[in-house]
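Enquirer: Please see the structure below; I have some questions.
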Amino acid sequence: MCGLNRSDPATGPAANGLNTLVGKSFNSDSILRTEHLSRVVKDKALVQDATFEVRKGEVLAIVGPSGSGKTSLLRLLNRLDEPTAGTVYVDGVDYRTIEPRDLRRQLGMVTQRPYLFPGTVADNLRFGPAQRSELLSQDSVEALLANVGLKGYAGRNVANLSGGEAQRVSVARTLANSPLVLLLDEPTSALDEAAKLEVESSIQKLIRDQALTCILVTHDVGQAGRLADRALLLDSGRIVRIGSVNEVLHA
Amino acid sequence: MLNLIFHPQLQLGFAQAGVAALAAFAVILLARKREIHLEGELLVAMVRGIVQIIAVGSILLLLLRAPRWTSAFLLAVMIVAAGATSARRAKGMPDALRVSTWAIAFGAGTTIALMMLLGVIDPAITSLVPVGSMIIANTMNTNGVALNRLRADVLAHVGEIETALALGAEAKESVSPYVQASFEASLIPAIDSLRSLGIVWIPGLMAGMLLSGARPVYAAIYQFTVLAMIFAASGLTSLASTLLMRGRVFSPAAQLLLQPSSLA
């Protein structure tokens, strides 16, 4: 399990019991925290009053039934949607004051489907850095691909990749922006069983080797158990429980 | 044959229209045999068509004596009507009416003004209004196609656009492939018209000039001139409308506003 091989955030204060964190002071090592984050669209509350924090180097799984607001919450963190109330602090800075392009690089998001751009794998990895006029070196491309188990794939056309390979390219492409936090939106739900295991083990290796801070949306409780340190259970857009994986998933 | 029976020109015109309408109704009868019922729709369309065109003919008659500014007023009314008509093709897009009207005013207006200054379009009302209306009508179609295609492409590629945004792309950069495709698609009819000129079709303007006794070669060259102006005006309109709309499908925080859920 990824959490076991790293400095164990499960020994942190939130792991000592269920902790909704509302109204409590936050840890100084929190890299991201939300305060009363809400989004209401046409009288439907997608996310309601979500307050939680993510600490440096931990993996937080967001779990809950279909339609409980998991993806809506992740989209708010990346500011792909606008909160109707509340805000997010990234490394202590209110994210509304950060230029959206910079914010999205800091909170890199991997979507459920990989949506690769036409061209080669290397073209895709270079897309993010190119947006700020940086050219990702060939060595960096190779290193990023090696991290997701795709060594030697740089020159391949993305049209010829399998689903699992495409999703791993998508993860490497997001990491090419060196994000502070990696947001993963059900990264294996659109894949078959073999590809799912392949992508999950890549993510597990990345988290372990690079001590990534990660928020993982998943409907797969087993996956949350294998990858995450803490879990947050959502229902109808509200945080029902937050705490260590065992406490949240087996309560 | 009709000209042997009907002597005054107006009577002859009505008789010709009646015979042509009968031909259209013959098609309706054929369609009825196949259980296709178009008679109600066709009757309304024909009555509307003849009333509208007689009204325009009468107005043109009055215009022969009207002051010159009247044509500017008429063209402005046409631009607003064209904007409203083509904005319907951009249902759900923010500010569609304003974008369409400004784009048509820019594309058609610039072309008409420039061509009038250069002496390509005769500033007399009887020439400026019909040629101007042809240009405006074509920019209306181009604008409708451009915005309709942009809308469809954006809605079909929400995932790709948001992925680009999530990777730090500028909003305008994230939709640029679809803006480009919409611009190109909107100009296909204008390019094909130029390409097939004289081979597939002899356009109405040239036919009219020939019927009114113009020399065939001059009528042909002027028809080409009009189509080239239409292409220029259409290109400017489409460029303006796609670029104006490009910024409007995003919020100030670079969030894609045009989503399938936003149209529900």
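A note on labels: chains of the structure tokens are A, B, ... as shown, every chain counts residues from 1, and ligands are counted from 1 in their shown order.
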Quick check: residues of chain A within 7 Å of chain B, only C-alpha atoms, returned as a ChimeraX atom specification.

Expert: /A:80-81,100-102,104-105,108-109,115,128,131,174

Enquirer: Give me the residues within 12 Å of range 133-149 of chain A as a PyMOL selection string, counting only C-alpha atoms and dropping any in the same chain fewer than 4 places off.

Expert: (chain A and resi 120-129+153-156+164-178+198-210) or (chain B and resi 168-169)

Enquirer: Could you pull out the helix (DSSP H, G or I) residues of range 2-196 of chain B from DSSP and send them as a VMD selection string?

Expert: chain B and resid 2 to 5 9 to 33 39 to 63 69 to 90 96 to 117 125 to 156 158 to 166 171 to 174 176 to 186 188 to 195

Enquirer: From the set A:Gln112, A:Gln48, A:Ser236, A:Thr188, which residue has the shortest atom-to-atom contact distance to Thr84 in chain A, counting only C-alpha atoms?

Expert: A:Gln48

Enquirer: If we count only C-alpha atoms and set the cut-off at 9 Å, which residues sit around Asn138 in chain B, ignoring sequence neighbours fewer than 3 positions away in its own chain? Please answer as a list in words.

Expert: Ala108, Ser133, Met134, Ile135, Asn141, Thr142, Asn143, Ala190, Ile230, Phe231, Ala233 and Ser234 of chain B

Enquirer: Need to verify the contact set: range 56-70 of chain A, 8 Å, only C-alpha atoms, exclusion of same-chain residues closer than 5 positions in sequence. Can you return it as a ChimeraX atom specification?

Expert: /A:3,9,29-31,46-47,211-221,224,227-238

Enquirer: List the neighbours of Ala103 in chain B out to 8 Å using only C-alpha atoms; skip same-chain residues closer than 5 positions along the sequence, and give me the result as a list in words.

Expert: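 Once the adjacent positions are removed, what remains is Asn143, Leu236, Thr237, Ser238, Ala240 and Ser241 of chain B.
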